[in-house]
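The file my_file-v2.cif comes next; it holds mmCIF, C-alpha atoms.
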data_target
loop_
_atom_site.label_atom_id
_atom_site.label_comp_id
_atom_site.auth_asym_id
_atom_site.auth_seq_id
_atom_site.Cartn_x
_atom_site.Cartn_y
_atom_site.Cartn_z
CA MET A 1 161.41 212.64 166.82
CA SER A 2 159.00 212.31 169.73
CA ILE A 3 157.11 213.90 172.60
CA LYS A 4 157.07 212.93 176.28
CA ILE A 5 154.00 213.05 178.49
CA ILE A 6 154.90 214.75 181.78
CA LYS A 7 151.30 214.88 183.02
CA PRO A 8 148.54 213.10 181.07
CA GLY A 9 145.65 215.42 181.94
CA LEU A 10 142.15 213.98 182.13
CA PHE A 11 141.16 211.23 179.70
CA SER A 12 143.69 212.28 177.05
CA THR A 13 143.60 210.04 173.98
CA VAL A 14 144.79 210.04 170.38
CA GLN A 15 141.87 210.69 168.01
CA ASP A 16 141.11 211.47 164.37
CA GLU A 17 137.74 211.71 162.59
CA GLY A 18 136.87 208.16 163.57
CA ARG A 19 136.71 204.57 162.35
CA VAL A 20 134.13 204.75 159.56
CA GLY A 21 132.59 201.74 157.86
CA TYR A 22 133.23 199.02 160.46
CA GLN A 23 130.19 199.16 162.76
CA ASP A 24 128.64 196.19 160.98
CA GLN A 25 131.64 194.23 162.29
CA GLY A 26 131.13 195.52 165.83
CA PHE A 27 133.80 198.24 165.79
CA SER A 28 132.79 201.54 167.38
CA SER A 29 133.61 204.63 165.34
CA ALA A 30 135.39 206.40 168.26
CA GLY A 31 137.00 209.62 166.91
CA ALA A 32 137.05 213.25 168.06
CA LEU A 33 133.85 214.23 169.85
CA ASP A 34 134.14 217.79 168.51
CA LYS A 35 134.98 217.04 164.89
CA ASP A 36 134.79 220.71 163.89
CA ALA A 37 137.54 221.63 166.35
CA PHE A 38 139.65 218.68 165.21
CA ARG A 39 139.27 219.58 161.53
CA LEU A 40 140.12 223.21 162.22
CA GLY A 41 143.41 222.14 163.80
CA GLN A 42 144.23 220.01 160.76
CA ALA A 43 143.44 222.90 158.42
CA LEU A 44 145.63 225.36 160.31
CA LEU A 45 148.58 222.95 160.02
CA ASN A 46 147.56 221.67 156.55
CA HIS A 47 147.91 217.99 157.38
CA ASP A 48 145.73 214.94 158.07
CA GLY A 49 147.38 213.47 161.15
CA PRO A 50 145.74 212.63 164.50
CA ALA A 51 145.44 214.88 167.53
CA ILE A 52 145.42 214.46 171.30
CA GLU A 53 141.93 215.00 172.71
CA TYR A 54 141.85 216.07 176.38
CA THR A 55 138.95 216.68 178.75
CA VAL A 56 138.59 219.51 181.34
CA ILE A 57 142.32 219.27 182.29
CA GLY A 58 144.93 219.15 179.54
CA PRO A 59 148.29 217.36 179.42
CA THR A 60 151.80 218.67 180.07
CA ILE A 61 154.17 217.67 177.27
CA GLU A 62 157.94 217.94 176.74
CA PHE A 63 159.08 218.17 173.13
CA LEU A 64 162.05 215.93 172.36
CA ALA A 65 162.35 217.43 168.86
CA ASP A 66 161.34 220.63 167.05
CA ASN A 67 157.70 220.81 166.02
CA ALA A 68 154.74 223.17 165.68
CA ILE A 69 151.38 222.88 167.41
CA VAL A 70 147.89 224.29 167.44
CA MET A 71 145.22 223.93 170.15
CA THR A 72 141.55 224.05 169.18
CA GLY A 73 138.22 223.29 170.85
CA GLY A 74 137.50 224.34 174.43
CA CYS A 75 139.37 227.33 175.88
CA PHE A 76 142.12 226.13 178.23
CA ASN A 77 144.72 227.85 180.37
CA ALA A 78 147.84 226.93 178.38
CA SER A 79 151.49 228.00 178.49
CA LEU A 80 154.74 227.22 176.69
CA ASN A 81 157.77 227.41 178.97
CA SER A 82 155.53 229.27 181.48
CA THR A 83 154.48 231.91 178.90
CA ILE A 84 150.75 232.06 178.17
CA ILE A 85 149.90 231.09 174.58
CA ASP A 86 146.80 231.44 172.43
CA GLN A 87 144.40 228.87 171.05
CA ASN A 88 143.60 228.46 167.34
CA THR A 89 147.13 229.71 166.58
CA VAL A 90 150.04 227.78 165.05
CA ILE A 91 152.94 227.98 167.52
CA ASP A 92 156.56 227.04 166.89
CA VAL A 93 158.08 224.73 169.51
CA LYS A 94 161.69 223.63 169.92
CA LYS A 95 163.40 220.63 171.42
CA GLY A 96 163.23 220.90 175.22
CA ASP A 97 160.16 223.16 175.28
CA VAL A 98 157.41 222.25 177.76
CA LEU A 99 153.75 222.80 176.92
CA ALA A 100 151.40 222.88 179.93
CA ILE A 101 147.67 222.78 179.17
CA GLY A 102 145.89 223.42 182.44
CA LYS A 103 142.23 223.61 183.40
CA VAL A 104 139.46 224.45 181.01
CA ILE A 105 138.11 228.02 181.00
CA LYS A 106 135.19 227.49 178.60
CA GLY A 107 133.89 224.27 177.09
CA ALA A 108 135.08 220.77 177.96
CA ARG A 109 137.35 219.26 175.31
CA GLY A 110 140.46 220.45 173.53
CA TYR A 111 142.53 219.15 170.63
CA LEU A 112 146.30 219.36 170.24
CA ASN A 113 147.49 218.94 166.66
CA PHE A 114 151.15 218.59 165.65
CA ALA A 115 152.82 219.74 162.40
CA ASN A 116 155.08 216.68 162.67
CA PRO A 117 152.22 214.32 163.49
CA ILE A 118 151.98 211.66 166.19
CA GLN A 119 153.10 208.30 164.79
CA VAL A 120 150.77 205.53 165.92
CA PRO A 121 149.46 202.48 164.03
CA LYS A 122 146.43 202.89 161.80
CA ILE A 123 143.84 200.25 162.68
CA ALA A 124 140.78 199.79 160.46
CA ASP A 125 141.64 202.99 158.59
CA SER A 126 141.80 205.14 161.74
CA TYR A 127 144.23 206.33 164.41
CA SER A 128 141.40 206.80 166.94
CA THR A 129 141.52 205.30 170.43
CA HIS A 130 138.64 203.16 171.65
CA THR A 131 139.57 202.42 175.25
CA ARG A 132 136.86 199.81 175.95
CA SER A 133 138.20 197.53 173.23
CA GLN A 134 141.80 198.68 173.83
CA MET A 135 142.15 199.46 170.15
CA GLY A 136 143.84 202.24 168.22
CA GLY A 137 145.67 205.36 169.33
CA TYR A 138 148.62 204.87 171.67
CA GLN A 139 148.43 201.28 172.95
CA GLY A 140 144.63 201.43 172.91
CA ARG A 141 144.43 203.51 176.12
CA THR A 142 144.48 206.96 177.65
CA LEU A 143 147.87 208.61 177.86
CA LYS A 144 149.98 208.09 180.99
CA LYS A 145 152.87 209.86 182.69
CA ASP A 146 156.25 209.16 181.00
CA ASP A 147 154.71 207.90 177.75
CA VAL A 148 157.06 208.71 174.87
CA ILE A 149 155.20 208.95 171.56
CA ASP A 150 157.03 209.06 168.27
CA THR A 151 156.32 211.77 165.74
CA LYS A 152 157.03 211.64 162.03
CA LYS A 153 158.26 214.26 159.60
CA GLY A 154 155.40 216.26 158.16
CA ALA A 155 155.30 218.92 155.47
CA ASP A 156 157.37 222.09 155.91
CA TYR A 157 155.44 224.20 158.41
CA ALA A 158 157.59 227.35 158.51
CA THR A 159 155.07 229.45 156.58
CA ARG A 160 152.25 228.42 158.92
CA ILE A 161 153.82 229.72 162.14
CA GLY A 162 151.50 232.38 163.57
CA LEU A 163 148.57 231.40 161.35
CA TYR A 164 145.33 231.64 163.31
CA SER A 165 141.56 231.46 163.10
CA ASN A 166 139.14 233.57 165.11
CA PRO A 167 137.59 231.54 167.95
CA LYS A 168 133.83 230.99 167.94
CA GLU A 169 132.95 230.93 171.61
CA ASP A 170 129.16 231.07 171.13
CA ILE A 171 129.21 227.25 170.92
CA PHE A 172 129.98 227.11 174.66
CA ASP A 173 126.83 229.05 175.61
CA GLN A 174 124.32 227.28 173.36
CA GLN A 175 121.94 225.28 175.52
CA VAL A 176 119.37 224.15 172.96
CA ILE A 177 120.10 220.80 171.31
CA ARG A 178 118.03 219.97 168.21
CA ILE A 179 116.62 216.46 167.84
CA VAL A 180 114.62 214.38 165.35
CA LYS A 181 112.17 211.58 166.12
CA GLY A 182 113.73 208.26 167.12
CA PRO A 183 112.78 204.81 165.80
CA GLN A 184 110.78 203.88 168.92
CA ILE A 185 109.05 207.20 169.55
CA ASP A 186 105.68 205.43 169.38
CA ALA A 187 106.62 203.55 172.57
CA PHE A 188 106.30 206.83 174.52
CA SER A 189 103.18 208.68 175.59
CA GLU A 190 102.40 212.15 174.29
CA ASP A 191 103.12 213.47 177.78
CA ALA A 192 106.60 211.90 177.76
CA ILE A 193 107.36 213.31 174.31
CA ASN A 194 106.28 216.78 175.41
CA THR A 195 108.20 216.47 178.69
CA LEU A 196 111.42 215.74 176.78
CA ILE A 197 111.40 219.19 175.17
CA ALA A 198 109.76 221.08 178.02
CA SER A 199 112.35 220.03 180.61
CA VAL A 200 115.88 221.18 181.34
CA TYR A 201 118.27 218.22 181.69
CA THR A 202 121.60 218.16 183.51
CA ILE A 203 124.56 216.12 182.24
CA SER A 204 125.44 213.59 184.94
CA GLU A 205 128.86 213.06 186.50
CA GLN A 206 128.59 209.47 185.22
CA SER A 207 128.92 210.64 181.61
CA ASP A 208 131.86 209.77 179.34
CA ARG A 209 132.80 209.32 175.69
CA MET A 210 130.36 206.42 175.45
CA GLY A 211 127.34 208.49 176.41
CA TYR A 212 125.89 211.39 178.39
CA ARG A 213 123.53 210.28 181.15
CA LEU A 214 120.93 212.96 181.80
CA GLN A 215 119.28 213.96 185.06
CA GLY A 216 115.85 215.55 184.98
CA GLU A 217 112.24 214.63 184.33
CA SER A 218 111.81 210.88 183.89
CA ILE A 219 110.21 209.78 180.60
CA PRO A 220 109.84 205.97 180.74
CA PRO A 221 108.20 204.20 177.78
CA GLU A 222 104.58 203.17 178.25
CA CYS A 223 105.26 199.42 178.39
CA THR A 224 108.89 198.34 178.50
CA ALA A 225 112.20 199.79 177.33
CA ASP A 226 113.50 196.39 176.29
CA ILE A 227 113.52 195.72 172.55
CA ILE A 228 115.34 193.29 170.27
CA SER A 229 118.87 194.63 169.89
CA GLU A 230 119.35 196.74 166.76
CA PRO A 231 121.96 199.16 165.37
CA VAL A 232 122.22 202.49 167.18
CA ALA A 233 123.17 205.80 165.62
CA LEU A 234 125.58 208.42 166.93
CA GLY A 235 123.44 210.81 168.98
CA SER A 236 120.66 208.28 169.68
CA ILE A 237 118.76 209.10 172.88
CA GLN A 238 118.12 205.79 174.61
CA VAL A 239 115.59 205.61 177.43
CA PRO A 240 115.85 202.54 179.71
CA ASN A 241 113.08 201.50 182.08
CA ASP A 242 114.08 204.05 184.73
CA GLY A 243 113.12 206.81 182.26
CA ASN A 244 116.44 208.67 182.43
CA PRO A 245 117.67 209.51 178.89
CA ILE A 246 121.17 208.60 177.69
CA ILE A 247 122.71 210.30 174.63
CA LEU A 248 125.00 207.83 172.86
CA LEU A 249 128.34 209.29 171.75
CA ASN A 250 131.40 208.19 169.76
CA ASP A 251 132.51 205.28 171.96
CA LYS A 252 128.99 203.80 172.11
CA GLN A 253 128.20 200.17 171.45
CA THR A 254 127.17 199.42 167.85
CA VAL A 255 123.85 197.79 168.82
CA GLY A 256 121.49 198.33 171.73
CA GLY A 257 118.32 196.89 173.22
CA TYR A 258 116.64 199.99 174.69
CA THR A 259 113.93 202.21 173.22
CA LYS A 260 115.21 205.32 171.43
CA ILE A 261 112.91 208.33 171.66
CA ALA A 262 115.01 210.71 169.54
CA THR A 263 118.36 211.36 167.85
CA VAL A 264 120.54 214.44 168.29
CA CYS A 265 121.12 216.20 164.97
CA ALA A 266 124.68 215.89 163.65
CA MET A 267 125.14 219.67 163.54
CA ASP A 268 124.72 219.90 167.34
CA LEU A 269 127.06 217.04 168.32
CA PRO A 270 130.06 219.45 168.60
CA ILE A 271 127.98 221.58 170.97
CA LEU A 272 127.32 218.53 173.15
CA ALA A 273 131.02 217.64 173.07
CA GLN A 274 131.83 220.93 174.79
CA LYS A 275 129.42 220.36 177.69
CA GLN A 276 130.86 219.36 181.07
CA PRO A 277 129.09 217.26 183.70
CA GLY A 278 126.71 219.63 185.47
CA SER A 279 125.90 221.56 182.28
CA GLU A 280 122.24 222.05 181.43
CA ILE A 281 120.69 221.37 178.02
CA GLN A 282 117.20 221.60 176.55
CA PHE A 283 115.89 219.76 173.50
CA GLU A 284 114.02 221.12 170.50
CA TRP A 285 112.20 219.02 167.89
CA ILE A 286 112.92 219.64 164.22
CA THR A 287 112.15 217.57 161.12
CA VAL A 288 114.66 215.42 159.25
CA GLU A 289 114.33 217.80 156.29
CA GLN A 290 115.14 220.81 158.49
CA ALA A 291 118.06 218.98 160.08
CA SER A 292 119.52 218.05 156.69
CA ALA A 293 119.19 221.60 155.35
CA GLN A 294 120.72 223.16 158.46
CA LEU A 295 123.59 220.66 158.44
CA ARG A 296 124.35 221.48 154.79
CA GLU A 297 124.34 225.19 155.60
CA LYS A 298 126.60 224.75 158.61
CA GLU A 299 129.04 222.55 156.65
CA HIS A 300 129.14 225.12 153.83
CA GLU A 301 130.02 227.89 156.30
CA PHE A 302 132.65 225.73 157.99
CA LEU A 303 134.30 224.77 154.68
CA GLN A 304 134.36 228.45 153.74
CA GLU A 305 136.18 229.14 157.00
CA LEU A 306 138.75 226.46 156.15
CA THR A 307 139.14 227.90 152.63
CA ASN A 308 139.77 231.37 154.08
CA ILE A 309 142.66 229.98 156.12
CA GLU A 310 144.47 229.33 152.82
CA GLN A 311 143.14 232.17 150.69
CA LYS A 312 142.86 234.94 153.30
CA PRO A 313 145.34 233.92 156.02
CA MET A 314 145.60 235.84 159.29
CA TYR A 315 148.82 235.83 161.33
CA ASP A 316 149.54 236.49 164.98
CA LEU A 317 152.49 238.89 164.92
CA LYS A 318 153.59 237.78 168.41
CA GLN A 319 154.41 234.34 167.04
CA LEU A 320 156.24 235.77 164.03
CA ARG A 321 158.37 238.00 166.28
CA ARG A 322 159.11 235.06 168.58
CA THR A 323 160.32 232.98 165.63
CA ALA A 324 162.36 235.88 164.22
CA LEU A 325 164.05 236.41 167.61
CA ARG A 326 165.03 232.74 167.77
CA ILE A 327 166.54 232.95 164.27
CA LYS A 328 168.42 236.10 165.25
CA ASN A 329 169.83 234.40 168.35
CA LEU A 330 170.88 231.36 166.30
CA LEU A 331 172.73 233.60 163.86
CA LYS A 332 174.50 235.19 166.81
CA GLY A 333 175.45 231.75 168.06
CA GLU A 334 173.42 232.07 171.27
#
Hey, can you dump this file as structure tokens for me?
Amino acid sequence: MSIKIIKPGLFSTVQDEGRVGYQDQGFSSAGALDKDAFRLGQALLNHDGPAIEYTVIGPTIEFLADNAIVMTGGCFNASLNSTIIDQNTVIDVKKGDVLAIGKVIKGARGYLNFANPIQVPKIADSYSTHTRSQMGGYQGRTLKKDDVIDTKKGADYATRIGLYSNPKEDIFDQQVIRIVKGPQIDAFSEDAINTLIASVYTISEQSDRMGYRLQGESIPPECTADIISEPVALGSIQVPNDGNPIILLNDKQTVGGYTKIATVCAMDLPILAQKQPGSEIQFEWITVEQASAQLREKEHEFLQELTNIEQKPMYDLKQLRRTALRIKNLLKGE
């Protein structure tokens, strides 16, 4: 069983929730930038395999064996055998089918999960690709034309065909990103600290999975940005001597030697993941206590959504009819 990459899309990689517990050894966590979207795809298919993460332009894939898929995350123009298909919906695919995920409509990143999951080696307890170290995923790199990736037999997915979850598109419009004080906030003047939240910043074209470079009001530290290298957290906002902030993301280095004025709260990292270069964001200070409480509340609501998928399932009748028609044709010998 396998899939073939006809067109790779833009920076398409194999990802899971990330490589946790190895940063002290210098291994970046990598993993899906929008973990909520990734986890939703897993829940809809009821499995724990990896997904293909794609950015702005999705891949075109030929299925060399029967499977089922679900696309989550950003809204993309997607079709199966030239027929438009929905996101957040489990769709049956057959050998020879061609899935074409085109340009993004809303957001930036999408996730393609498979009922018969992608079969790639697990390295340091994760399937995730970290391209800078050429580790994990499919040969440690982005996907390329004509790649053939094996899939393995998953659980029976027949009862999940047509299962869907209502999309939450408000994430694409949220501009405010909540932050807490960083470890070197005292290196910045009161004016710089106030400027950080008073300004609108634009995500630079030079941004990637390692970090978002921001364009806007410069906020250099009062003396120097250079510090003794120390561990950096996911979401850390580094400010080098030029005063232009950089938000560190999943493929970041594990240590850094620049001042960190703030850290993006974990609950807003999926919002950042769905921002394209050119998108505008604005920061808002909150306390660590507020951030922790709001993260717990958000996680509770998300887990309730995942529970509802099993306890109060919703089905797209179009997919059920499509499957029934295929069965009918098979019985007729067509």
Near-region 215-228 of chain A list (10 Å; only C-alpha atoms; drop same-chain fewer than 4 positions) as a PDB file with C-alpha atoms, in the coordinates of the input:
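part-v4.pdb written:
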ATOM      1  CA  GLN A 184     110.780 203.880 168.920  1.00  0.00           C
ATOM      2  CA  ILE A 185     109.050 207.200 169.550  1.00  0.00           C
ATOM      3  CA  ASP A 186     105.680 205.430 169.380  1.00  0.00           C
ATOM      4  CA  ALA A 187     106.620 203.550 172.570  1.00  0.00           C
ATOM      5  CA  PHE A 188     106.300 206.830 174.520  1.00  0.00           C
ATOM      6  CA  SER A 189     103.180 208.680 175.590  1.00  0.00           C
ATOM      7  CA  ASP A 191     103.120 213.470 177.780  1.00  0.00           C
ATOM      8  CA  ALA A 192     106.600 211.900 177.760  1.00  0.00           C
ATOM      9  CA  ILE A 193     107.360 213.310 174.310  1.00  0.00           C
ATOM     10  CA  ASN A 194     106.280 216.780 175.410  1.00  0.00           C
ATOM     11  CA  THR A 195     108.200 216.470 178.690  1.00  0.00           C
ATOM     12  CA  LEU A 196     111.420 215.740 176.780  1.00  0.00           C
ATOM     13  CA  ALA A 198     109.760 221.080 178.020  1.00  0.00           C
ATOM     14  CA  SER A 199     112.350 220.030 180.610  1.00  0.00           C
ATOM     15  CA  VAL A 200     115.880 221.180 181.340  1.00  0.00           C
ATOM     16  CA  TYR A 201     118.270 218.220 181.690  1.00  0.00           C
ATOM     17  CA  THR A 202     121.600 218.160 183.510  1.00  0.00           C
ATOM     18  CA  ILE A 203     124.560 216.120 182.240  1.00  0.00           C
ATOM     19  CA  SER A 204     125.440 213.590 184.940  1.00  0.00           C
ATOM     20  CA  GLU A 205     128.860 213.060 186.500  1.00  0.00           C
ATOM     21  CA  GLN A 238     118.120 205.790 174.610  1.00  0.00           C
ATOM     22  CA  VAL A 239     115.590 205.610 177.430  1.00  0.00           C
ATOM     23  CA  PRO A 240     115.850 202.540 179.710  1.00  0.00           C
ATOM     24  CA  ASN A 241     113.080 201.500 182.080  1.00  0.00           C
ATOM     25  CA  ASP A 242     114.080 204.050 184.730  1.00  0.00           C
ATOM     26  CA  GLY A 243     113.120 206.810 182.260  1.00  0.00           C
ATOM     27  CA  ASN A 244     116.440 208.670 182.430  1.00  0.00           C
ATOM     28  CA  PRO A 245     117.670 209.510 178.890  1.00  0.00           C
ATOM     29  CA  ILE A 246     121.170 208.600 177.690  1.00  0.00           C
ATOM     30  CA  VAL A 255     123.850 197.790 168.820  1.00  0.00           C
ATOM     31  CA  GLY A 256     121.490 198.330 171.730  1.00  0.00           C
ATOM     32  CA  GLY A 257     118.320 196.890 173.220  1.00  0.00           C
ATOM     33  CA  TYR A 258     116.640 199.990 174.690  1.00  0.00           C
ATOM     34  CA  THR A 259     113.930 202.210 173.220  1.00  0.00           C
ATOM     35  CA  LYS A 260     115.210 205.320 171.430  1.00  0.00           C
ATOM     36  CA  ILE A 261     112.910 208.330 171.660  1.00  0.00           C
ATOM     37  CA  GLY A 278     126.710 219.630 185.470  1.00  0.00           C
ATOM     38  CA  GLU A 280     122.240 222.050 181.430  1.00  0.00           C
TER      39      GLU A 280
END
Rounded to one decimal in Å, what is the spacing between CA of Pro270 (chain A) and CA of Thr131 (chain A)? 20.6 Å
Could you tell me, as a list in words, exactly which residues end up selected when the PyMOL selection byres ((chain A and resi 10) around 6) is applied to this structure?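 So the PyMOL selection byres ((chain A and resi 10) around 6) ends up selecting Gly9, Phe11, Ser12, Thr55 and Ile57 of chain A.
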I need the residue set behind the PyMOL selection byres ((chain A and resi 139-152) around 7) for this file; please write it as an mmCIF file with C-alpha atoms, in the frame of the given file.
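Produced file part_6.cif, reproduced below:
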data_model
loop_
_atom_site.group_PDB
_atom_site.id
_atom_site.type_symbol
_atom_site.label_atom_id
_atom_site.label_comp_id
_atom_site.auth_asym_id
_atom_site.auth_seq_id
_atom_site.Cartn_x
_atom_site.Cartn_y
_atom_site.Cartn_z
ATOM 1 C CA MET A 1 161.410 212.640 166.820
ATOM 2 C CA SER A 2 159.000 212.310 169.730
ATOM 3 C CA ILE A 3 157.110 213.900 172.600
ATOM 4 C CA LYS A 4 157.070 212.930 176.280
ATOM 5 C CA ILE A 5 154.000 213.050 178.490
ATOM 6 C CA ILE A 6 154.900 214.750 181.780
ATOM 7 C CA LYS A 7 151.300 214.880 183.020
ATOM 8 C CA PRO A 8 148.540 213.100 181.070
ATOM 9 C CA PHE A 11 141.160 211.230 179.700
ATOM 10 C CA SER A 12 143.690 212.280 177.050
ATOM 11 C CA THR A 13 143.600 210.040 173.980
ATOM 12 C CA ASN A 116 155.080 216.680 162.670
ATOM 13 C CA PRO A 117 152.220 214.320 163.490
ATOM 14 C CA ILE A 118 151.980 211.660 166.190
ATOM 15 C CA GLN A 119 153.100 208.300 164.790
ATOM 16 C CA THR A 129 141.520 205.300 170.430
ATOM 17 C CA HIS A 130 138.640 203.160 171.650
ATOM 18 C CA THR A 131 139.570 202.420 175.250
ATOM 19 C CA GLN A 134 141.800 198.680 173.830
ATOM 20 C CA MET A 135 142.150 199.460 170.150
ATOM 21 C CA GLY A 136 143.840 202.240 168.220
ATOM 22 C CA GLY A 137 145.670 205.360 169.330
ATOM 23 C CA TYR A 138 148.620 204.870 171.670
ATOM 24 C CA LYS A 153 158.260 214.260 159.600
ATOM 25 C CA GLY A 154 155.400 216.260 158.160
#
Can you tell me which residues surround Gln253 (chain A) at a distance of at most 9 Å, considering all atoms listed in the file, apart from same-chain residues fewer than 5 positions away, and format the answer as an mmCIF file with C-alpha atoms, in the frame of the given file?
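Wrote result16.cif, looks like this:
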data_model
loop_
_atom_site.group_PDB
_atom_site.id
_atom_site.type_symbol
_atom_site.label_atom_id
_atom_site.label_comp_id
_atom_site.auth_asym_id
_atom_site.auth_seq_id
_atom_site.Cartn_x
_atom_site.Cartn_y
_atom_site.Cartn_z
ATOM 1 C CA GLN A 23 130.190 199.160 162.760
ATOM 2 C CA GLY A 26 131.130 195.520 165.830
ATOM 3 C CA PHE A 27 133.800 198.240 165.790
ATOM 4 C CA SER A 28 132.790 201.540 167.380
ATOM 5 C CA MET A 210 130.360 206.420 175.450
ATOM 6 C CA PRO A 231 121.960 199.160 165.370
ATOM 7 C CA VAL A 232 122.220 202.490 167.180
ATOM 8 C CA LEU A 248 125.000 207.830 172.860
#
